[in-house]
Amino acid sequence: MPAGDITHPVPDLTGYITEGQILLSREVPAYPHIDPLSSLSRMMRAGVGAGRTRPEHLDLAAQLLAGLSRAREAGELADLVGESALSQSDRRYLAMARTFRTGLLAQRPDEDRTLEDTFDRAWQVVSTLPRSELSMLGEEALDAGYRGEG
């Protein structure tokens, strides 16, 4: 797209007639350079959940996106005041985003990853946060997948 303009008619209109959009960004430091907060899927709701993937799929994805959004805000604040001036909670969200990039998003081109492995990695990412911060996941899902402390 011209000069990275996602509002340019070709990518903008194409996204509405396909299943969604995967936005690649120069801001994402590691391969693949996918910006999950700007990407979307129109087919996800129809293809996930009990009997298809896992019951917590949508909630886990929503929790990851909420955490990444909070991490982006914390990162912007850290750019202004320095990471050491952030609250412990904000630093945890930044750590969660790093774990997301290195443990879940990063994948070698020759790496085959199963859906179960992807779920395990997603749970590792959200488990970097305190259980009390994971308000989008039900108790049953948390009991089954959460690996952090309290």
# chains A, B, ... in the order shown; residues from 1 in each chain; ligands from 1

call {"tool": "residues_around", "arguments": {"residues": "A:Arg70", "least_positions_apart": "3", "cutoff": "9 Å", "atoms": "only C-alpha atoms", "output": "PyMOL selection string"}}
result
chain A and resi 65-67+73-75+90+93-94

call {"tool": "write_last_selection", "arguments": {"atoms": "C-alpha atoms", "output": "CSV table (one decimal), in the first residue's frame"}}
result
chain,number,residue,atom,x,y,z
A,65,LEU,CA,-5.7,-8.5,22.8
A,66,ALA,CA,-6.8,-6.6,25.9
A,67,GLY,CA,-3.4,-7.2,27.5
A,73,GLU,CA,-0.4,2.2,26.5
A,74,ALA,CA,2.2,1.3,29.1
A,75,GLY,CA,4.9,1.4,26.4
A,90,ASP,CA,2.3,-1.6,33.8
A,93,TYR,CA,1.9,-5.8,30.9
A,94,LEU,CA,5.1,-4.9,29.1

call {"tool": "residues_around", "arguments": {"residues": "A:Glu140", "least_positions_apart": "4", "cutoff": "12 Å", "atoms": "only C-alpha atoms", "output": "JSON list (two decimals) with N, CA, C and O atoms, in the first residue's frame"}}
result
[["chain", "number", "residue", "atom", "x", "y", "z"],
["A", 55, "PRO", "N", -12.96, -24.60, 24.14],
["A", 55, "PRO", "CA", -14.04, -23.72, 24.62],
["A", 55, "PRO", "C", -13.58, -22.30, 24.95],
["A", 55, "PRO", "O", -14.32, -21.35, 24.74],
["A", 56, "GLU", "N", -12.36, -22.15, 25.43],
["A", 56, "GLU", "CA", -11.89, -20.82, 25.86],
["A", 56, "GLU", "C", -11.25, -20.01, 24.74],
["A", 56, "GLU", "O", -10.75, -18.91, 24.98],
["A", 59, "ASP", "N", -12.37, -16.26, 24.37],
["A", 59, "ASP", "CA", -12.04, -15.50, 25.57],
["A", 59, "ASP", "C", -10.53, -15.34, 25.74],
["A", 59, "ASP", "O", -10.06, -14.27, 26.15],
["A", 136, "MET", "N", -11.42, -11.56, 31.46],
["A", 136, "MET", "CA", -12.17, -12.03, 30.30],
["A", 136, "MET", "C", -12.23, -13.55, 30.24],
["A", 136, "MET", "O", -12.88, -14.11, 29.36],
["A", 144, "ALA", "N", -8.12, -24.52, 34.42],
["A", 144, "ALA", "CA", -7.54, -25.47, 33.49],
["A", 144, "ALA", "C", -6.24, -24.99, 32.85],
["A", 144, "ALA", "O", -5.34, -25.79, 32.60],
["A", 145, "GLY", "N", -6.13, -23.68, 32.59],
["A", 145, "GLY", "CA", -5.00, -23.23, 31.78],
["A", 145, "GLY", "C", -4.00, -22.29, 32.43],
["A", 145, "GLY", "O", -2.87, -22.19, 31.98],
["A", 146, "TYR", "N", -4.40, -21.59, 33.50],
["A", 146, "TYR", "CA", -3.52, -20.59, 34.10],
["A", 146, "TYR", "C", -2.31, -21.23, 34.77],
["A", 146, "TYR", "O", -2.44, -22.21, 35.48]]

call {"tool": "select_by_dssp", "arguments": {"residues": "stretch 48-113 of chain A", "states": "alpha helix (DSSP H)", "output": "ChimeraX atom specification"}}
result
/A:57-81,88-99

call {"tool": "closest_atom_pairs", "arguments": {"of": "stretch 27-101 of chain A", "to": "stretch 107-128 of chain A", "cutoff": "6 Å", "atoms": "only C-alpha atoms", "output": "Markdown table"}}
result
| residue | atom | partner | partner_atom | distance |
| --- | --- | --- | --- | --- |
| A:Met96 | CA | A:Thr128 | CA | 5.7 |
| A:Thr99 | CA | A:Val125 | CA | 5.7 |
| A:Phe100 | CA | A:Val125 | CA | 5.6 |

call {"tool": "residues_around", "arguments": {"residues": "stretch 32-36 of chain A", "least_positions_apart": "3", "cutoff": "10 Å", "atoms": "only C-alpha atoms", "output": "list in words"}}
result
Gln21, Ile22, Leu23, Leu24, Ser25, Arg26, Glu27, Val28, Pro29, Ser39, Leu40, Leu64, Leu65, Leu68, Ser69, Arg101, Leu105, Ala106, Gln107, Arg108 and Pro109 of chain A

call {"tool": "write_last_selection", "arguments": {"atoms": "N, CA and C atoms", "output": "JSON list (two decimals), in the first residue's frame"}}
result
[["chain", "number", "residue", "atom", "x", "y", "z"],
["A", 21, "GLN", "N", -8.05, -9.06, 7.85],
["A", 21, "GLN", "CA", -6.81, -8.39, 7.45],
["A", 21, "GLN", "C", -5.71, -8.74, 8.44],
["A", 22, "ILE", "N", -4.53, -9.01, 7.91],
["A", 22, "ILE", "CA", -3.34, -9.16, 8.73],
["A", 22, "ILE", "C", -2.47, -7.96, 8.40],
["A", 23, "LEU", "N", -2.24, -7.13, 9.40],
["A", 23, "LEU", "CA", -1.47, -5.92, 9.18],
["A", 23, "LEU", "C", -0.01, -6.17, 9.58],
["A", 24, "LEU", "N", 0.88, -6.01, 8.63],
["A", 24, "LEU", "CA", 2.31, -6.08, 8.89],
["A", 24, "LEU", "C", 2.78, -4.68, 9.24],
["A", 25, "SER", "N", 3.65, -4.58, 10.23],
["A", 25, "SER", "CA", 4.08, -3.27, 10.70],
["A", 25, "SER", "C", 5.58, -3.19, 10.88],
["A", 26, "ARG", "N", 6.13, -2.06, 10.51],
["A", 26, "ARG", "CA", 7.56, -1.81, 10.75],
["A", 26, "ARG", "C", 7.84, -1.65, 12.23],
["A", 27, "GLU", "N", 6.82, -1.37, 13.01],
["A", 27, "GLU", "CA", 6.97, -1.17, 14.45],
["A", 27, "GLU", "C", 7.20, -2.47, 15.20],
["A", 28, "VAL", "N", 6.81, -3.60, 14.61],
["A", 28, "VAL", "CA", 6.99, -4.90, 15.26],
["A", 28, "VAL", "C", 8.39, -5.38, 14.93],
["A", 29, "PRO", "N", 9.24, -5.54, 15.97],
["A", 29, "PRO", "CA", 10.65, -5.78, 15.72],
["A", 29, "PRO", "C", 11.02, -7.16, 15.16],
["A", 39, "SER", "N", -4.86, -6.07, 13.27],
["A", 39, "SER", "CA", -5.32, -7.15, 12.40],
["A", 39, "SER", "C", -6.70, -7.61, 12.88],
["A", 40, "LEU", "N", -7.45, -8.24, 11.97],
["A", 40, "LEU", "CA", -8.77, -8.73, 12.35],
["A", 40, "LEU", "C", -9.16, -9.95, 11.52],
["A", 64, "LEU", "N", -5.81, -11.82, 25.42],
["A", 64, "LEU", "CA", -4.52, -11.47, 24.84],
["A", 64, "LEU", "C", -4.56, -10.08, 24.21],
["A", 65, "LEU", "N", -5.59, -9.79, 23.44],
["A", 65, "LEU", "CA", -5.70, -8.48, 22.79],
["A", 65, "LEU", "C", -5.86, -7.36, 23.82],
["A", 68, "LEU", "N", -2.44, -6.83, 25.31],
["A", 68, "LEU", "CA", -1.56, -6.15, 24.37],
["A", 68, "LEU", "C", -1.91, -4.67, 24.23],
["A", 69, "SER", "N", -3.19, -4.36, 24.30],
["A", 69, "SER", "CA", -3.62, -2.96, 24.24],
["A", 69, "SER", "C", -3.11, -2.20, 25.46],
["A", 101, "ARG", "N", 5.41, -11.61, 21.96],
["A", 101, "ARG", "CA", 6.22, -11.50, 20.74],
["A", 101, "ARG", "C", 7.20, -12.66, 20.60],
["A", 105, "LEU", "N", 3.98, -15.16, 19.05],
["A", 105, "LEU", "CA", 3.96, -14.60, 17.71],
["A", 105, "LEU", "C", 5.15, -15.06, 16.87],
["A", 106, "ALA", "N", 6.34, -15.02, 17.44],
["A", 106, "ALA", "CA", 7.54, -15.41, 16.69],
["A", 106, "ALA", "C", 7.47, -16.89, 16.32],
["A", 107, "GLN", "N", 7.67, -17.16, 15.06],
["A", 107, "GLN", "CA", 7.66, -18.53, 14.57],
["A", 107, "GLN", "C", 8.56, -18.62, 13.35],
["A", 108, "ARG", "N", 9.50, -19.52, 13.40],
["A", 108, "ARG", "CA", 10.38, -19.70, 12.25],
["A", 108, "ARG", "C", 9.57, -20.14, 11.04],
["A", 109, "PRO", "N", 10.00, -19.74, 9.85],
["A", 109, "PRO", "CA", 9.27, -20.15, 8.64],
["A", 109, "PRO", "C", 9.20, -21.67, 8.48]]

call {"tool": "closest_residue", "arguments": {"among": "A:Ala95, A:Ala78, A:Ala85, A:Leu58", "to": "A:Gly138", "atoms": "only C-alpha atoms"}}
result
A:Leu58
